[in-house]
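Colleague: Encoded as structure tokens, here's the structure I'll be asking about.
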Amino acid sequence: MSGTRNEVATLGAGCFWCVEAVLEQVEGVHGVTSGYMGGQLDNPSYQEVCNGTTGHAEVVQVTFDPDVLSYADLLEWFWRLHDPTTPNRQGNDVGTQYRSAIFYHSEEQRGTAEASKKSADESGAFSDPIVTEITPAAQYWTGEDYHQDYYRLNREQPYCRMVIAPKLGKLGLEG
């Protein structure tokens, strides 16, 4: 029976607004929140993370039903929604907070992530090697309220129109 158990995945793929806008449309995903992981500062603010000195990445924490969407299939979306070959950069967003990262919550997720990365790297889909870090999940800090559902609530903002909407279109999702 579907919906009886949920799993959590934490992914960094550049700006969390972009990642959230994609993944919240994927069947089997029940929730996506934007936040921070992987740094040294407790309860960091967006401004602190943006200065690049906290070590945190902008991430999304995804709650999903593995009976509908496997972790491996979720990672297929992850590889498609960003460029995992650019260290600390996605488009014009530059800094360690924009790094490509998979924060695993179990040894099973670690193994799946490593196999998925190897497969994506060998697929020929990317001209450069994948630099995505695969790291144990650490303390997750939920981002400020105004970052949640950002695209849905701010579609007319220039960043949303110029960056997020084209990405959704490229992936065949609702813009």
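Letters A, B, ... mark the chains of the structure tokens in the order given; residue numbers begin at 1 per chain; ligand numbers begin at 1, in order shown.
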Would you list, as a ChimeraX atom specification, the residues of region 74-174 of chain A that end up in alpha helix (DSSP H) under DSSP run on this structure's backbone?

Modeller: /A:74-81,107-122,150-153,158-159,165-170

Colleague: Using the selection just defined, write its residues with C-alpha atoms as a PDB file, in the first residue's frame.

Modeller:
```
ATOM      1  CA  LEU A  74      14.801  10.795  -7.195  1.00  0.00           C
ATOM      2  CA  LEU A  75      18.541  10.991  -7.892  1.00  0.00           C
ATOM      3  CA  GLU A  76      17.841  10.751 -11.637  1.00  0.00           C
ATOM      4  CA  TRP A  77      15.866  14.002 -11.252  1.00  0.00           C
ATOM      5  CA  PHE A  78      18.769  15.433  -9.232  1.00  0.00           C
ATOM      6  CA  TRP A  79      21.266  14.791 -12.064  1.00  0.00           C
ATOM      7  CA  ARG A  80      18.916  16.295 -14.660  1.00  0.00           C
ATOM      8  CA  LEU A  81      18.022  19.483 -12.771  1.00  0.00           C
ATOM      9  CA  GLU A 107      24.120   3.404   4.341  1.00  0.00           C
ATOM     10  CA  GLU A 108      21.544   2.261   1.793  1.00  0.00           C
ATOM     11  CA  GLN A 109      21.211   5.840   0.512  1.00  0.00           C
ATOM     12  CA  ARG A 110      25.009   6.168   0.425  1.00  0.00           C
ATOM     13  CA  GLY A 111      25.358   3.046  -1.711  1.00  0.00           C
ATOM     14  CA  THR A 112      22.551   4.113  -4.036  1.00  0.00           C
ATOM     15  CA  ALA A 113      24.042   7.623  -4.357  1.00  0.00           C
ATOM     16  CA  GLU A 114      27.513   6.295  -5.186  1.00  0.00           C
ATOM     17  CA  ALA A 115      26.123   3.882  -7.793  1.00  0.00           C
ATOM     18  CA  SER A 116      23.910   6.617  -9.255  1.00  0.00           C
ATOM     19  CA  LYS A 117      26.833   9.050  -9.481  1.00  0.00           C
ATOM     20  CA  LYS A 118      29.001   6.436 -11.198  1.00  0.00           C
ATOM     21  CA  SER A 119      26.213   5.635 -13.657  1.00  0.00           C
ATOM     22  CA  ALA A 120      25.564   9.325 -14.396  1.00  0.00           C
ATOM     23  CA  ASP A 121      29.296   9.948 -14.828  1.00  0.00           C
ATOM     24  CA  GLU A 122      29.625   7.046 -17.279  1.00  0.00           C
ATOM     25  CA  TYR A 150       9.585  30.640  -3.387  1.00  0.00           C
ATOM     26  CA  TYR A 151       8.857  30.029  -7.050  1.00  0.00           C
ATOM     27  CA  ARG A 152       5.154  29.362  -6.526  1.00  0.00           C
ATOM     28  CA  LEU A 153       4.804  32.573  -4.512  1.00  0.00           C
ATOM     29  CA  PRO A 158      13.143  38.351 -12.488  1.00  0.00           C
ATOM     30  CA  TYR A 159      15.179  35.378 -11.159  1.00  0.00           C
ATOM     31  CA  ALA A 165      10.798  28.968 -15.445  1.00  0.00           C
ATOM     32  CA  PRO A 166      13.131  27.946 -18.320  1.00  0.00           C
ATOM     33  CA  LYS A 167      14.536  25.103 -16.185  1.00  0.00           C
ATOM     34  CA  LEU A 168      11.012  23.805 -15.519  1.00  0.00           C
ATOM     35  CA  GLY A 169      10.218  24.013 -19.229  1.00  0.00           C
ATOM     36  CA  LYS A 170      13.388  22.137 -20.150  1.00  0.00           C
TER      37      LYS A 170
END
```

Colleague: Using only C-alpha atoms, what table do you get, as a tab-separated table, when you list each residue of region 89-134 of chain A with an atom no more than 9 Å from region 36-51 of chain A, its nearest pair of atoms, and their distance in Å rounded to one decimal, rows by chain then rising number?

Modeller:
```
residue	atom	partner	partner_atom	distance
A:Gly95	CA	A:Cys50	CA	7.9
A:Thr96	CA	A:Cys50	CA	9.0
A:Gln97	CA	A:Val49	CA	6.6
A:Phe103	CA	A:Met37	CA	8.3
```

Colleague: CA of Val8 (chain A) and CA of Thr63 (chain A) are how many Å apart?

Modeller: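 Distance between the two atoms: 4.6 Å.
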
Colleague: Name all residues at most 12 Å from Val94 (chain A) (count only C-alpha atoms; drop same-chain ones fewer than 2 positions away) and give them as a list of chain:residue names.

Modeller: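 Listed by chain and then number, they are A:Ala13, A:Gly14, A:Cys15, A:Cys50, A:Asn51, A:Gly52, A:Ala57, A:Glu58, A:Thr86, A:Pro87, A:Asn88, A:Arg89, A:Gln90, A:Gly91, A:Asn92, A:Thr96, A:Gln97, A:Tyr98, A:Arg99, A:Ser100.
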
Colleague: What does the distance between CA of Val26 (chain A) and CA of Asp67 (chain A) come to in Å, to one decimal place?

Modeller: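 According to the coordinates, CA of Val26 (chain A) and CA of Asp67 (chain A) are separated by 13.5 Å.
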
Colleague: According to DSSP computed on the backbone, where in region 9-164 of chain A is there strand (DSSP E or B)? Give the residues as a PyMOL selection string.

Modeller: chain A and resi 9-13+29-37+57-64+89-90+93-94+100-104+133-136+141-142

Colleague: At a cut-off of 10 Å, using only C-alpha atoms, what residues contact Ala9 (chain A)? Leave out same-chain residues fewer than 4 positions from it and give the result as number ranges by chain.

Modeller: A: 32, 59-64, 71, 74-75, 102-106, 109, 137

Colleague: Write the residues of the selection above to a file with N, CA and C atoms, as an mmCIF file, in the first residue's frame.

Modeller:
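Just written: selection19.cif:
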```
data_model
loop_
_atom_site.group_PDB
_atom_site.id
_atom_site.type_symbol
_atom_site.label_atom_id
_atom_site.label_comp_id
_atom_site.auth_asym_id
_atom_site.auth_seq_id
_atom_site.Cartn_x
_atom_site.Cartn_y
_atom_site.Cartn_z
ATOM 1 N N VAL A 32 8.859 19.422 0.156
ATOM 2 C CA VAL A 32 10.200 19.928 -0.104
ATOM 3 C C VAL A 32 10.372 21.202 0.710
ATOM 4 N N VAL A 59 20.350 23.632 0.464
ATOM 5 C CA VAL A 59 19.833 22.297 0.170
ATOM 6 C C VAL A 59 18.314 22.303 0.212
ATOM 7 N N VAL A 60 17.752 21.240 -0.319
ATOM 8 C CA VAL A 60 16.345 20.963 -0.097
ATOM 9 C C VAL A 60 16.250 19.645 0.651
ATOM 10 N N GLN A 61 15.328 19.594 1.587
ATOM 11 C CA GLN A 61 15.031 18.347 2.263
ATOM 12 C C GLN A 61 13.715 17.854 1.669
ATOM 13 N N VAL A 62 13.774 16.665 1.096
ATOM 14 C CA VAL A 62 12.666 16.095 0.343
ATOM 15 C C VAL A 62 12.076 14.924 1.121
ATOM 16 N N THR A 63 10.778 14.965 1.358
ATOM 17 C CA THR A 63 10.064 13.834 1.929
ATOM 18 C C THR A 63 9.351 13.149 0.773
ATOM 19 N N PHE A 64 9.613 11.841 0.618
ATOM 20 C CA PHE A 64 9.052 11.129 -0.525
ATOM 21 C C PHE A 64 8.603 9.731 -0.116
ATOM 22 N N TYR A 71 14.505 6.107 -4.269
ATOM 23 C CA TYR A 71 15.614 7.047 -4.048
ATOM 24 C C TYR A 71 16.455 7.160 -5.322
ATOM 25 N N LEU A 74 14.663 9.414 -7.661
ATOM 26 C CA LEU A 74 14.801 10.795 -7.195
ATOM 27 C C LEU A 74 16.159 11.352 -7.608
ATOM 28 N N LEU A 75 17.203 10.540 -7.489
ATOM 29 C CA LEU A 75 18.541 10.991 -7.892
ATOM 30 C C LEU A 75 18.635 11.212 -9.402
ATOM 31 N N ILE A 102 25.031 15.431 -2.244
ATOM 32 C CA ILE A 102 24.032 14.481 -1.774
ATOM 33 C C ILE A 102 24.398 14.178 -0.331
ATOM 34 N N PHE A 103 23.506 14.511 0.582
ATOM 35 C CA PHE A 103 23.707 14.226 2.004
ATOM 36 C C PHE A 103 22.876 12.987 2.329
ATOM 37 N N TYR A 104 23.532 11.866 2.537
ATOM 38 C CA TYR A 104 22.792 10.619 2.732
ATOM 39 C C TYR A 104 22.390 10.409 4.191
ATOM 40 N N HIS A 105 21.224 9.765 4.353
ATOM 41 C CA HIS A 105 20.637 9.535 5.678
ATOM 42 C C HIS A 105 20.772 8.084 6.138
ATOM 43 N N SER A 106 21.322 7.216 5.303
ATOM 44 C CA SER A 106 21.516 5.808 5.666
ATOM 45 C C SER A 106 22.607 5.227 4.774
ATOM 46 N N GLN A 109 21.189 4.639 1.362
ATOM 47 C CA GLN A 109 21.211 5.840 0.512
ATOM 48 C C GLN A 109 22.621 6.118 0.009
ATOM 49 N N ALA A 137 24.535 12.953 6.112
ATOM 50 C CA ALA A 137 23.669 14.065 6.511
ATOM 51 C C ALA A 137 24.104 14.573 7.882
#
```

Colleague: List as an MDAnalysis selection string the protein and nucleic acid residues near Glu27 (chain A), meaning an atom at most 10 Å away when only C-alpha atoms are counted, but skip any in the same chain fewer than 2 places from it.

Modeller: chainID A and resid 23:25 29:30 64:65 68:69 74

Colleague: With C-alpha atoms kept, could you save the residues just selected as a compact mmCIF listing (two decimals), in the first residue's frame?

Modeller:
```
# COMPACT_ATOMS: atom_id res chain seq x y z
CA LEU A 23 11.14 18.42 -7.07
CA GLU A 24 7.81 19.54 -5.63
CA GLN A 25 6.29 18.56 -9.01
CA VAL A 29 7.33 13.69 -3.43
CA HIS A 30 5.22 14.76 -0.46
CA PHE A 64 9.05 11.13 -0.52
CA ASP A 65 7.18 7.84 -0.71
CA VAL A 68 5.99 5.59 -5.60
CA LEU A 69 9.41 7.18 -6.19
CA LEU A 74 14.80 10.80 -7.19
```

Colleague: One decimal, Å: what's the distance from CA of Gln139 (chain A) over to CA of His56 (chain A), could you say?

Modeller: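 It comes out at 10.3 Å.
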
Colleague: My list of candidates is A:Gly28, A:Val22, A:Gly55, A:Asp83. Which is closest to Pro129 (chain A) when distances are computed with only C-alpha atoms?

Modeller: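 Ranking A:Gly28, A:Val22, A:Gly55, A:Asp83 by distance to Pro129 (chain A), first place goes to A:Asp83.
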